[in-house]
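Next comes model19.cif, a file with mmCIF, C-alpha atoms and all ligand atoms.
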data_my_file
#
loop_
_atom_site.group_PDB
_atom_site.id
_atom_site.type_symbol
_atom_site.label_atom_id
_atom_site.label_comp_id
_atom_site.auth_asym_id
_atom_site.auth_seq_id
_atom_site.Cartn_x
_atom_site.Cartn_y
_atom_site.Cartn_z
ATOM 1 C CA MET A 208 -82.290 62.718 -35.789
ATOM 2 C CA THR A 209 -83.910 59.707 -34.162
ATOM 3 C CA ASP A 210 -82.721 58.149 -30.974
ATOM 4 C CA THR A 211 -81.731 54.519 -31.447
ATOM 5 C CA PRO A 212 -82.892 52.724 -28.327
ATOM 6 C CA LEU A 213 -80.107 50.735 -26.679
ATOM 7 C CA GLU A 214 -80.504 47.097 -27.517
ATOM 8 C CA ALA A 215 -81.908 45.276 -24.506
ATOM 9 C CA LEU A 216 -79.578 42.873 -22.748
ATOM 10 C CA THR A 217 -81.203 39.452 -22.548
ATOM 11 C CA LEU A 218 -80.110 36.587 -20.309
ATOM 12 C CA VAL A 219 -78.654 34.648 -23.229
ATOM 13 C CA LYS A 220 -76.812 37.642 -24.623
ATOM 14 C CA ALA A 221 -75.463 38.556 -21.201
ATOM 15 C CA TRP A 222 -74.244 35.011 -20.569
ATOM 16 C CA THR A 223 -72.622 34.565 -23.980
ATOM 17 C CA GLY A 224 -70.907 37.958 -23.883
ATOM 18 C CA ALA A 225 -69.687 37.357 -20.327
ATOM 19 C CA ARG A 226 -68.229 33.974 -21.229
ATOM 20 C CA GLU A 227 -66.189 35.562 -24.005
ATOM 21 C CA ARG A 228 -65.021 38.419 -21.778
ATOM 22 C CA LEU A 229 -63.895 36.072 -19.010
ATOM 23 C CA LYS A 230 -62.244 33.693 -21.454
ATOM 24 C CA ALA A 231 -60.265 36.581 -22.929
ATOM 25 C CA ALA A 232 -59.201 37.524 -19.376
ATOM 26 C CA GLY A 233 -57.716 34.035 -18.933
ATOM 27 C CA ILE A 234 -60.337 32.692 -16.514
ATOM 28 C CA ASP A 235 -60.333 28.861 -16.300
ATOM 29 C CA SER A 236 -64.067 28.292 -16.011
ATOM 30 C CA PRO A 237 -65.680 31.207 -17.884
ATOM 31 C CA ALA A 238 -69.068 29.560 -18.531
ATOM 32 C CA ILE A 239 -69.701 28.501 -14.923
ATOM 33 C CA ASP A 240 -68.408 31.749 -13.442
ATOM 34 C CA ALA A 241 -70.494 33.841 -15.869
ATOM 35 C CA ARG A 242 -73.617 31.819 -15.053
ATOM 36 C CA LEU A 243 -73.177 32.033 -11.266
ATOM 37 C CA MET A 244 -72.720 35.803 -11.419
ATOM 38 C CA LEU A 245 -75.600 36.270 -13.874
ATOM 39 C CA GLU A 246 -77.935 34.280 -11.597
ATOM 40 C CA THR A 247 -77.195 36.651 -8.719
ATOM 41 C CA ALA A 248 -77.086 39.910 -10.707
ATOM 42 C CA ALA A 249 -80.368 39.193 -12.487
ATOM 43 C CA GLY A 250 -82.053 37.300 -9.635
ATOM 44 C CA VAL A 251 -82.691 34.248 -11.807
ATOM 45 C CA SER A 252 -82.057 30.522 -11.545
ATOM 46 C CA ARG A 253 -79.989 28.329 -13.810
ATOM 47 C CA THR A 254 -83.250 26.965 -15.244
ATOM 48 C CA ASP A 255 -84.504 30.503 -16.022
ATOM 49 C CA ILE A 256 -81.407 31.173 -18.136
ATOM 50 C CA ILE A 257 -82.119 28.092 -20.226
ATOM 51 C CA SER A 258 -85.927 28.152 -20.331
ATOM 52 C CA ASP A 259 -86.412 31.936 -20.639
ATOM 53 C CA PRO A 260 -83.265 33.092 -22.486
ATOM 54 C CA TYR A 261 -84.811 36.273 -23.932
ATOM 55 C CA ARG A 262 -85.841 37.696 -20.556
ATOM 56 C CA GLU A 263 -84.414 41.203 -20.364
ATOM 57 C CA LEU A 264 -82.173 42.488 -17.578
ATOM 58 C CA THR A 265 -83.142 45.818 -16.026
ATOM 59 C CA PRO A 266 -80.500 48.561 -16.397
ATOM 60 C CA GLU A 267 -79.623 48.102 -12.691
ATOM 61 C CA GLN A 268 -79.172 44.364 -13.139
ATOM 62 C CA ALA A 269 -77.035 44.920 -16.235
ATOM 63 C CA ALA A 270 -74.847 47.413 -14.328
ATOM 64 C CA THR A 271 -74.422 45.000 -11.403
ATOM 65 C CA PHE A 272 -73.484 42.208 -13.798
ATOM 66 C CA ASP A 273 -70.971 44.433 -15.541
ATOM 67 C CA ASP A 274 -69.378 45.295 -12.188
ATOM 68 C CA TYR A 275 -69.138 41.584 -11.276
ATOM 69 C CA LEU A 276 -67.506 40.818 -14.631
ATOM 70 C CA ALA A 277 -64.920 43.581 -14.267
ATOM 71 C CA ARG A 278 -63.985 42.251 -10.815
ATOM 72 C CA ARG A 279 -63.779 38.666 -12.030
ATOM 73 C CA ALA A 280 -61.667 39.723 -15.035
ATOM 74 C CA ALA A 281 -59.281 41.277 -12.463
ATOM 75 C CA ARG A 282 -59.099 37.731 -10.968
ATOM 76 C CA GLU A 283 -61.193 38.324 -7.857
ATOM 77 C CA PRO A 284 -62.718 34.942 -6.922
ATOM 78 C CA VAL A 285 -66.432 34.412 -7.615
ATOM 79 C CA SER A 286 -66.910 33.530 -3.938
ATOM 80 C CA HIS A 287 -65.679 36.988 -2.889
ATOM 81 C CA ILE A 288 -67.782 38.760 -5.511
ATOM 82 C CA LEU A 289 -70.946 36.932 -4.467
ATOM 83 C CA GLY A 290 -69.996 36.681 -0.775
ATOM 84 C CA ARG A 291 -70.847 33.011 -0.499
ATOM 85 C CA LYS A 292 -69.682 29.536 -1.368
ATOM 86 C CA GLY A 293 -71.319 26.111 -1.218
ATOM 87 C CA PHE A 294 -69.403 23.485 0.787
ATOM 88 C CA TRP A 295 -70.527 19.892 1.351
ATOM 89 C CA LYS A 296 -74.300 20.352 1.898
ATOM 90 C CA ILE A 297 -74.253 23.871 3.345
ATOM 91 C CA MET A 298 -73.958 27.431 1.990
ATOM 92 C CA LEU A 299 -71.399 29.624 3.743
ATOM 93 C CA GLY A 300 -70.879 33.368 3.758
ATOM 94 C CA VAL A 301 -67.270 34.189 2.871
ATOM 95 C CA SER A 302 -65.142 37.322 2.793
ATOM 96 C CA LYS A 303 -61.524 38.290 2.199
ATOM 97 C CA HIS A 304 -60.849 37.354 5.828
ATOM 98 C CA VAL A 305 -61.407 33.610 5.364
ATOM 99 C CA LEU A 306 -60.113 30.926 3.075
ATOM 100 C CA THR A 307 -62.746 30.124 0.462
ATOM 101 C CA PRO A 308 -63.770 26.558 1.385
ATOM 102 C CA ARG A 309 -62.469 23.965 -1.083
ATOM 103 C CA PRO A 310 -64.055 20.694 -2.234
ATOM 104 C CA ASP A 311 -60.766 18.960 -1.229
ATOM 105 C CA THR A 312 -61.535 19.745 2.395
ATOM 106 C CA GLU A 313 -64.792 17.772 2.171
ATOM 107 C CA VAL A 314 -62.671 14.617 2.616
ATOM 108 C CA ILE A 315 -62.357 15.516 6.318
ATOM 109 C CA VAL A 316 -66.123 15.964 6.653
ATOM 110 C CA ASP A 317 -66.790 12.683 4.880
ATOM 111 C CA SER A 318 -64.320 10.792 7.122
ATOM 112 C CA ILE A 319 -65.767 12.112 10.383
ATOM 113 C CA LEU A 320 -69.401 11.593 9.348
ATOM 114 C CA ALA A 321 -68.549 8.017 8.372
ATOM 115 C CA ALA A 322 -66.999 7.377 11.798
ATOM 116 C CA PHE A 323 -69.810 8.975 13.902
ATOM 117 C CA ASP A 324 -73.389 8.090 13.009
ATOM 118 C CA GLU A 325 -76.227 10.597 13.321
ATOM 119 C CA HIS A 326 -77.248 9.454 16.831
ATOM 120 C CA ARG A 327 -73.796 9.768 18.396
ATOM 121 C CA HIS A 328 -73.138 12.317 21.118
ATOM 122 C CA PHE A 329 -69.612 13.632 20.673
ATOM 123 C CA THR A 330 -67.447 16.727 20.955
ATOM 124 C CA ILE A 331 -65.364 18.155 18.131
ATOM 125 C CA LEU A 332 -62.617 20.771 18.021
ATOM 126 C CA ASP A 333 -61.814 22.581 14.725
ATOM 127 C CA LEU A 334 -58.415 24.308 14.881
ATOM 128 C CA GLY A 335 -58.222 27.196 12.375
ATOM 129 C CA VAL A 336 -61.997 27.200 11.851
ATOM 130 C CA GLY A 337 -61.985 30.010 9.220
ATOM 131 C CA SER A 338 -65.475 30.319 7.704
ATOM 132 C CA GLY A 339 -66.598 27.360 9.826
ATOM 133 C CA ALA A 340 -66.688 25.069 6.793
ATOM 134 C CA ILE A 341 -65.568 21.779 8.376
ATOM 135 C CA LEU A 342 -67.138 22.235 11.793
ATOM 136 C CA LEU A 343 -70.511 23.515 10.587
ATOM 137 C CA ALA A 344 -70.842 20.909 7.797
ATOM 138 C CA ILE A 345 -70.367 18.173 10.430
ATOM 139 C CA LEU A 346 -72.606 19.723 13.103
ATOM 140 C CA ALA A 347 -75.380 20.297 10.540
ATOM 141 C CA GLU A 348 -75.639 16.526 10.146
ATOM 142 C CA ARG A 349 -74.914 15.447 13.711
ATOM 143 C CA PRO A 350 -77.502 17.137 15.973
ATOM 144 C CA ASN A 351 -76.126 15.485 19.130
ATOM 145 C CA ALA A 352 -72.593 16.753 18.545
ATOM 146 C CA LYS A 353 -71.149 19.913 20.074
ATOM 147 C CA GLY A 354 -68.237 21.797 18.542
ATOM 148 C CA LEU A 355 -65.609 24.377 19.374
ATOM 149 C CA GLY A 356 -63.961 26.371 16.590
ATOM 150 C CA VAL A 357 -60.700 28.216 17.266
ATOM 151 C CA ASP A 358 -59.024 30.798 15.056
ATOM 152 C CA ILE A 359 -56.379 33.444 15.609
ATOM 153 C CA SER A 360 -58.238 35.857 13.326
ATOM 154 C CA SER A 361 -61.137 37.702 14.949
ATOM 155 C CA GLU A 362 -62.409 38.676 11.478
ATOM 156 C CA ALA A 363 -62.567 35.001 10.494
ATOM 157 C CA LEU A 364 -64.397 34.174 13.731
ATOM 158 C CA ALA A 365 -67.003 36.846 12.929
ATOM 159 C CA VAL A 366 -67.639 35.131 9.574
ATOM 160 C CA ALA A 367 -67.904 31.713 11.272
ATOM 161 C CA ARG A 368 -70.289 33.142 13.890
ATOM 162 C CA GLU A 369 -72.589 34.558 11.230
ATOM 163 C CA ASN A 370 -72.524 31.280 9.304
ATOM 164 C CA ALA A 371 -73.393 29.321 12.447
ATOM 165 C CA ALA A 372 -76.342 31.663 13.062
ATOM 166 C CA ASN A 373 -77.579 31.449 9.461
ATOM 167 C CA LEU A 374 -77.485 27.667 9.664
ATOM 168 C CA GLY A 375 -79.302 27.644 13.028
ATOM 169 C CA LEU A 376 -76.358 25.928 14.708
ATOM 170 C CA GLU A 377 -75.577 28.452 17.487
ATOM 171 C CA SER A 378 -76.661 26.061 20.234
ATOM 172 C CA GLN A 379 -74.188 23.427 19.039
ATOM 173 C CA VAL A 380 -71.160 25.595 18.448
ATOM 174 C CA ALA A 381 -68.779 27.811 20.423
ATOM 175 C CA LEU A 382 -66.095 29.979 18.816
ATOM 176 C CA LEU A 383 -62.907 31.104 20.503
ATOM 177 C CA ARG A 384 -60.094 33.395 19.469
ATOM 178 C CA GLY A 385 -56.761 31.777 20.172
ATOM 179 C CA ASP A 386 -53.415 30.532 18.963
ATOM 180 C CA TRP A 387 -54.198 26.875 18.131
ATOM 181 C CA THR A 388 -54.667 24.998 21.429
ATOM 182 C CA GLN A 389 -53.303 27.696 23.752
ATOM 183 C CA GLY A 390 -56.148 28.773 25.972
ATOM 184 C CA LEU A 391 -57.973 25.433 25.911
ATOM 185 C CA GLY A 392 -56.670 24.482 29.364
ATOM 186 C CA ASP A 393 -57.276 20.806 30.025
ATOM 187 C CA ALA A 394 -60.401 20.520 27.816
ATOM 188 C CA THR A 395 -60.472 17.326 25.746
ATOM 189 C CA PHE A 396 -62.475 16.275 22.691
ATOM 190 C CA ASP A 397 -63.624 13.115 20.904
ATOM 191 C CA VAL A 398 -62.624 14.532 17.517
ATOM 192 C CA VAL A 399 -60.068 17.120 16.434
ATOM 193 C CA VAL A 400 -59.965 18.441 12.871
ATOM 194 C CA ALA A 401 -57.741 21.069 11.292
ATOM 195 C CA ASN A 402 -56.940 22.498 7.899
ATOM 196 C CA PRO A 403 -53.870 24.538 8.813
ATOM 197 C CA PRO A 404 -51.866 26.760 6.460
ATOM 198 C CA TYR A 405 -49.508 24.402 4.577
ATOM 199 C CA ILE A 406 -48.111 26.193 1.520
ATOM 200 C CA PRO A 407 -44.319 26.661 1.662
ATOM 201 C CA SER A 408 -43.706 30.432 1.976
ATOM 202 C CA ALA A 409 -41.638 30.644 -1.222
ATOM 203 C CA HIS A 410 -44.456 29.027 -3.305
ATOM 204 C CA ILE A 411 -47.053 31.625 -2.439
ATOM 205 C CA GLU A 412 -45.926 34.120 -5.076
ATOM 206 C CA SER A 413 -46.364 31.491 -7.808
ATOM 207 C CA LEU A 414 -49.978 30.665 -6.872
ATOM 208 C CA GLU A 415 -52.840 31.734 -9.139
ATOM 209 C CA PRO A 416 -53.899 35.383 -8.555
ATOM 210 C CA GLU A 417 -57.269 34.328 -7.087
ATOM 211 C CA VAL A 418 -55.386 32.711 -4.196
ATOM 212 C CA ARG A 419 -52.196 34.806 -4.030
ATOM 213 C CA ASP A 420 -53.918 38.190 -4.116
ATOM 214 C CA TYR A 421 -57.245 37.497 -2.408
ATOM 215 C CA GLU A 422 -56.887 34.739 0.210
ATOM 216 C CA PRO A 423 -55.551 35.665 3.694
ATOM 217 C CA ARG A 424 -51.803 34.905 4.085
ATOM 218 C CA LEU A 425 -52.607 33.593 7.547
ATOM 219 C CA ALA A 426 -54.637 30.837 5.895
ATOM 220 C CA LEU A 427 -51.911 29.880 3.408
ATOM 221 C CA ASP A 428 -48.389 30.339 4.730
ATOM 222 C CA GLY A 429 -46.991 27.167 6.274
ATOM 223 C CA GLY A 430 -43.406 28.411 6.719
ATOM 224 C CA THR A 431 -40.258 27.359 4.888
ATOM 225 C CA ASP A 432 -41.281 23.755 4.149
ATOM 226 C CA GLY A 433 -45.020 24.195 4.691
ATOM 227 C CA LEU A 434 -44.950 22.019 7.815
ATOM 228 C CA ASP A 435 -44.598 24.622 10.596
ATOM 229 C CA ALA A 436 -48.184 24.308 11.810
ATOM 230 C CA TYR A 437 -48.164 20.475 11.917
ATOM 231 C CA ARG A 438 -44.977 20.438 14.043
ATOM 232 C CA GLY A 439 -46.776 22.283 16.808
ATOM 233 C CA LEU A 440 -50.176 20.756 16.177
ATOM 234 C CA ALA A 441 -49.299 17.045 16.185
ATOM 235 C CA PRO A 442 -48.371 16.804 19.904
ATOM 236 C CA GLU A 443 -51.036 19.342 20.867
ATOM 237 C CA ILE A 444 -53.799 17.480 19.001
ATOM 238 C CA LEU A 445 -52.802 14.283 20.821
ATOM 239 C CA ARG A 446 -52.879 16.204 24.099
ATOM 240 C CA VAL A 447 -56.402 17.576 23.635
ATOM 241 C CA LEU A 448 -57.875 14.314 22.312
ATOM 242 C CA LYS A 449 -59.723 11.982 24.657
ATOM 243 C CA PRO A 450 -58.382 8.433 24.829
ATOM 244 C CA ASP A 451 -59.697 6.603 21.738
ATOM 245 C CA GLY A 452 -60.492 9.986 20.115
ATOM 246 C CA VAL A 453 -59.762 10.564 16.429
ATOM 247 C CA PHE A 454 -58.203 13.355 14.397
ATOM 248 C CA ALA A 455 -58.140 14.368 10.727
ATOM 249 C CA VAL A 456 -55.942 17.116 9.269
ATOM 250 C CA GLU A 457 -55.732 18.361 5.707
ATOM 251 C CA ILE A 458 -52.306 18.266 4.030
ATOM 252 C CA GLY A 459 -50.649 19.335 0.784
ATOM 253 C CA PHE A 460 -50.462 16.602 -1.887
ATOM 254 C CA ASP A 461 -46.754 15.888 -1.131
ATOM 255 C CA GLN A 462 -46.826 16.105 2.674
ATOM 256 C CA SER A 463 -48.274 12.715 3.648
ATOM 257 C CA GLU A 464 -45.032 11.056 4.715
ATOM 258 C CA ALA A 465 -43.792 14.014 6.768
ATOM 259 C CA VAL A 466 -47.130 14.669 8.485
ATOM 260 C CA GLU A 467 -47.777 10.977 9.205
ATOM 261 C CA ALA A 468 -44.313 10.828 10.823
ATOM 262 C CA LEU A 469 -45.034 13.870 13.014
ATOM 263 C CA PHE A 470 -48.257 12.282 14.322
ATOM 264 C CA ARG A 471 -46.605 8.900 14.923
ATOM 265 C CA GLU A 472 -43.812 10.632 16.855
ATOM 266 C CA ALA A 473 -46.490 12.361 18.921
ATOM 267 C CA GLY A 474 -47.904 8.927 19.850
ATOM 268 C CA ALA A 475 -50.863 8.644 17.467
ATOM 269 C CA GLU A 476 -52.093 5.192 16.459
ATOM 270 C CA ASP A 477 -53.517 3.891 13.210
ATOM 271 C CA VAL A 478 -52.143 6.874 11.264
ATOM 272 C CA ARG A 479 -53.015 6.857 7.567
ATOM 273 C CA THR A 480 -53.624 9.132 4.590
ATOM 274 C CA ARG A 481 -56.808 9.526 2.554
ATOM 275 C CA LYS A 482 -56.886 10.789 -1.012
ATOM 276 C CA ASP A 483 -59.193 13.407 -2.504
ATOM 277 C CA LEU A 484 -61.371 12.993 -5.603
ATOM 278 C CA ALA A 485 -58.417 13.970 -7.800
ATOM 279 C CA ASP A 486 -56.535 10.979 -6.299
ATOM 280 C CA LYS A 487 -54.078 13.204 -4.436
ATOM 281 C CA ASP A 488 -53.048 12.640 -0.813
ATOM 282 C CA ARG A 489 -55.252 15.062 1.121
ATOM 283 C CA VAL A 490 -55.998 14.092 4.731
ATOM 284 C CA VAL A 491 -53.932 12.450 7.467
ATOM 285 C CA GLY A 492 -56.030 10.825 10.180
ATOM 286 C CA GLY A 493 -55.493 8.602 13.173
ATOM 287 C CA ALA A 494 -56.451 7.944 16.763
ATOM 288 C CA LYS A 495 -55.275 8.381 20.320
ATOM 289 C CA LYS A 496 -54.550 5.201 22.233
ATOM 290 C CA PRO A 497 -57.554 3.984 24.267
ATOM 291 C CA LEU A 498 -57.267 3.738 28.054
ATOM 292 C CA GLY A 499 -56.057 0.286 29.025
ATOM 293 C CA ASN A 500 -58.399 -2.195 30.709
ATOM 294 C CA PRO A 501 -58.025 -1.597 34.479
ATOM 295 C CA PHE A 502 -58.761 -5.317 35.050
ATOM 296 C CA PRO A 503 -56.323 -7.078 32.744
ATOM 297 C CA ASN A 504 -56.417 -10.899 32.503
ATOM 298 C CA ARG A 505 -54.219 -12.463 35.096
HETATM 299 C C1 LIG A 601 -56.364 26.979 5.538
HETATM 300 S S1 LIG A 601 -57.405 27.998 6.539
HETATM 301 C C2 LIG A 601 -58.710 26.824 6.902
HETATM 302 C C3 LIG A 601 -60.055 27.443 7.164
HETATM 303 C C4 LIG A 601 -61.209 26.447 7.287
HETATM 304 N N1 LIG A 601 -60.982 25.520 8.378
HETATM 305 C C5 LIG A 601 -61.380 25.666 5.984
HETATM 306 O O1 LIG A 601 -60.999 24.489 5.963
HETATM 307 O O2 LIG A 601 -61.893 26.221 5.011
HETATM 308 C C6 LIG A 601 -56.446 28.066 8.028
HETATM 309 C C7 LIG A 601 -57.062 28.856 9.168
HETATM 310 O O3 LIG A 601 -56.150 28.783 10.274
HETATM 311 C C8 LIG A 601 -56.134 30.033 10.928
HETATM 312 N N2 LIG A 601 -54.867 30.148 11.670
HETATM 313 C C9 LIG A 601 -53.624 30.419 11.194
HETATM 314 N N3 LIG A 601 -52.744 30.430 12.204
HETATM 315 C C10 LIG A 601 -53.422 30.145 13.339
HETATM 316 C C11 LIG A 601 -53.056 30.008 14.708
HETATM 317 N N4 LIG A 601 -51.791 30.178 15.111
HETATM 318 N N5 LIG A 601 -54.015 29.696 15.602
HETATM 319 C C12 LIG A 601 -55.304 29.531 15.210
HETATM 320 N N6 LIG A 601 -55.709 29.655 13.928
HETATM 321 C C13 LIG A 601 -54.781 29.956 13.003
HETATM 322 C C14 LIG A 601 -56.280 31.045 9.807
HETATM 323 O O4 LIG A 601 -56.745 32.289 10.300
HETATM 324 C C15 LIG A 601 -57.267 30.327 8.884
HETATM 325 O O5 LIG A 601 -58.588 30.680 9.193
#
Structure encoded using structure tokens:
Amino acid sequence: MTDTPLEALTLVKAWTGARERLKAAGIDSPAIDARLMLETAAGVSRTDIISDPYRELTPEQAATFDDYLARRAAREPVSHILGRKGFWKIMLGVSKHVLTPRPDTEVIVDSILAAFDEHRHFTILDLGVGSGAILLAILAERPNAKGLGVDISSEALAVARENAANLGLESQVALLRGDWTQGLGDATFDVVVANPPYIPSAHIESLEPEVRDYEPRLALDGGTDGLDAYRGLAPEILRVLKPDGVFAVEIGFDQSEAVEALFREAGAEDVRTRKDLADKDRVVGGAKKPLGNPFPNR
């Protein structure tokens, strides 16, 4: 009897087989997910897969890839499997303790960068900092800015701290465990950003498994109507803003009217909503009234 050597697993065969397996498991983006996991498991680039498709995986690489595929087929997000996620222009470490940063949230980053040019000295507070996505993406492009990130989850803060260190931003950022603005005393900031939990509690069970089963509840659950966090945050954000300071908060696609109203009631000026790339309402922003001129015209 002769031993039939196992057929070697090449990059192209691994990718094609993985796509089929993920598609059969009901994954929305099987080709992209399979490629991202293959790149990491086999230590190759996207170009390698195309230009050197018959390169063989080692048995260890094939086993790692198989493990990734089994986890993805069980609906674990790619970001958790690989432990990282790109956001804006930075790469962030992520874990089950933080919300995986979303492209939708980049609208906040874009708005603040547009309002503060690269030479500006300013202070920024990120309430519910999570992985650090918003705060670190802004600080990475504004070397004269200093930021404080607050989160109630010490596990999330550990992720943000490691991301700040990996991006070389430790000298610009401080991280504090706390319940929103409690514990900030009378500190004030030029900019306040937040992406609070805003999913109505009863909707959470109907979310896709990647979110429902793997994202922290603390990052999702916005109470009965999804607006619990904004009710407390609107007056508090106005309190911790400097006169003429600006804020930007992420919202659910159908929350613009309610959240705008909460900020207007809290005294904010110039309150408006910005849409995301899918043309859905995504960010409510505005400003705190400037200090009046102490020498008004007589
Ligand atoms: C939707 S996630 C946003 C994370 C990150 N800013 C982002 O945009 O990817 C909300 C974050 O708020 C934090 N959080 C929830 N309740 C909080 C509270 N009472 N005080 C401070 N942070 C809170 C959660 O731990 C979570 O990290």
Select, counting all atoms listed in the file, all protein, DNA and RNA residues no farther than 12 Å from (-83.7, 31.5, -22.3) in file coordinates, and express the selection as a VMD selection string. chain A and resid 217 to 223 251 to 263
Would you write out, as a VMD selection string, every residue that the PyMOL selection byres (((chain A and resi 408) around 8) and not hetatm) captures in this file? chain A and resid 406 to 407 409 to 411 428 to 433
Surroundings of ligand LIG 601 (chain A) up to 7 Å, based on only C-alpha atoms and all ligand atoms, as number ranges by chain: A: 305-309, 312, 334-341, 357-360, 363, 385-387, 401-404, 425-427
Report the distance between atom CA of Lys449 of chain A and atom CA of Arg384 of chain A in Å, rounded to one decimal place.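 For atom CA of Lys449 of chain A relative to atom CA of Arg384 of chain A, the distance reads 22.0 Å.
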I'd like to see the residues matched by the PyMOL selection byres (((chain A and resi 298) around 10) and not hetatm) on this file, and ideally I'd get them as a VMD selection string. chain A and resid 291 to 297 299 to 301 340 344 370 373 to 374
Hey, can you pull every residue with an atom no more than 10 Å from (-48.7, 9.1, 13.6), using all atoms listed in the file, and send it as a PyMOL selection string? chain A and resi 441-442+445+464-479+491-495
What does the file look like for those residues with C-alpha atoms, as a PDB file, keeping the file's coordinate frame?
ATOM      1  CA  ALA A 441     -49.299  17.045  16.185  1.00  0.00           C
ATOM      2  CA  PRO A 442     -48.371  16.804  19.904  1.00  0.00           C
ATOM      3  CA  LEU A 445     -52.802  14.283  20.821  1.00  0.00           C
ATOM      4  CA  GLU A 464     -45.032  11.056   4.715  1.00  0.00           C
ATOM      5  CA  ALA A 465     -43.792  14.014   6.768  1.00  0.00           C
ATOM      6  CA  VAL A 466     -47.130  14.669   8.485  1.00  0.00           C
ATOM      7  CA  GLU A 467     -47.777  10.977   9.205  1.00  0.00           C
ATOM      8  CA  ALA A 468     -44.313  10.828  10.823  1.00  0.00           C
ATOM      9  CA  LEU A 469     -45.034  13.870  13.014  1.00  0.00           C
ATOM     10  CA  PHE A 470     -48.257  12.282  14.322  1.00  0.00           C
ATOM     11  CA  ARG A 471     -46.605   8.900  14.923  1.00  0.00           C
ATOM     12  CA  GLU A 472     -43.812  10.632  16.855  1.00  0.00           C
ATOM     13  CA  ALA A 473     -46.490  12.361  18.921  1.00  0.00           C
ATOM     14  CA  GLY A 474     -47.904   8.927  19.850  1.00  0.00           C
ATOM     15  CA  ALA A 475     -50.863   8.644  17.467  1.00  0.00           C
ATOM     16  CA  GLU A 476     -52.093   5.192  16.459  1.00  0.00           C
ATOM     17  CA  ASP A 477     -53.517   3.891  13.210  1.00  0.00           C
ATOM     18  CA  VAL A 478     -52.143   6.874  11.264  1.00  0.00           C
ATOM     19  CA  ARG A 479     -53.015   6.857   7.567  1.00  0.00           C
ATOM     20  CA  VAL A 491     -53.932  12.450   7.467  1.00  0.00           C
ATOM     21  CA  GLY A 492     -56.030  10.825  10.180  1.00  0.00           C
ATOM     22  CA  GLY A 493     -55.493   8.602  13.173  1.00  0.00           C
ATOM     23  CA  ALA A 494     -56.451   7.944  16.763  1.00  0.00           C
ATOM     24  CA  LYS A 495     -55.275   8.381  20.320  1.00  0.00           C
TER      25      LYS A 495
END
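Coordinates place atom CA of Leu243 of chain A at a distance of 24.9 Å from atom CA of Ala347 of chain A.
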Once you add 8 Å to each side, what are the centre and edge lengths of the axis-aligned box holding all listed atoms of segment 231-248 of chain A? One decimal in Å, as JSON, if you can.
{"center_x": -67.8, "center_y": 34.1, "center_z": -15.8, "size_x": 36.2, "size_y": 27.6, "size_z": 30.2}
Between A:Gly499, A:Gly250, A:Pro350, A:Gly390, which has the minimum distance to Ser378 of chain A (counting only C-alpha atoms)? A:Pro350
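Picture a line from atom CA of Gly233 of chain A to atom CA of Lys303 of chain A; it runs 21.9 Å.
Proximity of A:Arg242, A:Arg438, A:Arg424, A:Arg446 to Phe396 of chain A, computed with all atoms listed in the file, is greatest for A:Arg446.
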Answer key for the PyMOL selection byres (((chain A and resi 329) around 9) and not hetatm), residues as a PyMOL selection string: chain A and resi 323+327-328+330-331+349+351-354+396-398
Completion of segment 317-327 of chain A up to N, CA and C atoms, as a PDB file, keeping the file's coordinate frame:
ATOM      1  N   ASP A 317     -66.342  14.024   5.245  1.00  0.00           N
ATOM      2  CA  ASP A 317     -66.790  12.683   4.880  1.00  0.00           C
ATOM      3  C   ASP A 317     -66.237  11.642   5.861  1.00  0.00           C
ATOM      4  N   SER A 318     -64.950  11.774   6.226  1.00  0.00           N
ATOM      5  CA  SER A 318     -64.320  10.792   7.122  1.00  0.00           C
ATOM      6  C   SER A 318     -64.964  10.821   8.511  1.00  0.00           C
ATOM      7  N   ILE A 319     -65.212  12.021   9.019  1.00  0.00           N
ATOM      8  CA  ILE A 319     -65.767  12.112  10.383  1.00  0.00           C
ATOM      9  C   ILE A 319     -67.228  11.649  10.393  1.00  0.00           C
ATOM     10  N   LEU A 320     -67.999  12.033   9.381  1.00  0.00           N
ATOM     11  CA  LEU A 320     -69.401  11.593   9.348  1.00  0.00           C
ATOM     12  C   LEU A 320     -69.487  10.070   9.238  1.00  0.00           C
ATOM     13  N   ALA A 321     -68.532   9.481   8.520  1.00  0.00           N
ATOM     14  CA  ALA A 321     -68.549   8.017   8.372  1.00  0.00           C
ATOM     15  C   ALA A 321     -68.232   7.335   9.707  1.00  0.00           C
ATOM     16  N   ALA A 322     -67.422   7.999  10.536  1.00  0.00           N
ATOM     17  CA  ALA A 322     -66.999   7.377  11.798  1.00  0.00           C
ATOM     18  C   ALA A 322     -68.005   7.607  12.942  1.00  0.00           C
ATOM     19  N   PHE A 323     -68.861   8.635  12.814  1.00  0.00           N
ATOM     20  CA  PHE A 323     -69.810   8.975  13.902  1.00  0.00           C
ATOM     21  C   PHE A 323     -71.215   9.049  13.309  1.00  0.00           C
ATOM     22  N   ASP A 324     -72.057   8.086  13.639  1.00  0.00           N
ATOM     23  CA  ASP A 324     -73.389   8.090  13.009  1.00  0.00           C
ATOM     24  C   ASP A 324     -74.262   9.211  13.589  1.00  0.00           C
ATOM     25  N   GLU A 325     -75.440   9.400  12.991  1.00  0.00           N
ATOM     26  CA  GLU A 325     -76.227  10.597  13.321  1.00  0.00           C
ATOM     27  C   GLU A 325     -76.759  10.618  14.749  1.00  0.00           C
ATOM     28  N   HIS A 326     -76.736   9.466  15.454  1.00  0.00           N
ATOM     29  CA  HIS A 326     -77.248   9.454  16.831  1.00  0.00           C
ATOM     30  C   HIS A 326     -76.167   9.706  17.869  1.00  0.00           C
ATOM     31  N   ARG A 327     -74.900   9.687  17.431  1.00  0.00           N
ATOM     32  CA  ARG A 327     -73.796   9.768  18.396  1.00  0.00           C
ATOM     33  C   ARG A 327     -73.708  11.131  19.074  1.00  0.00           C
TER      34      ARG A 327
END
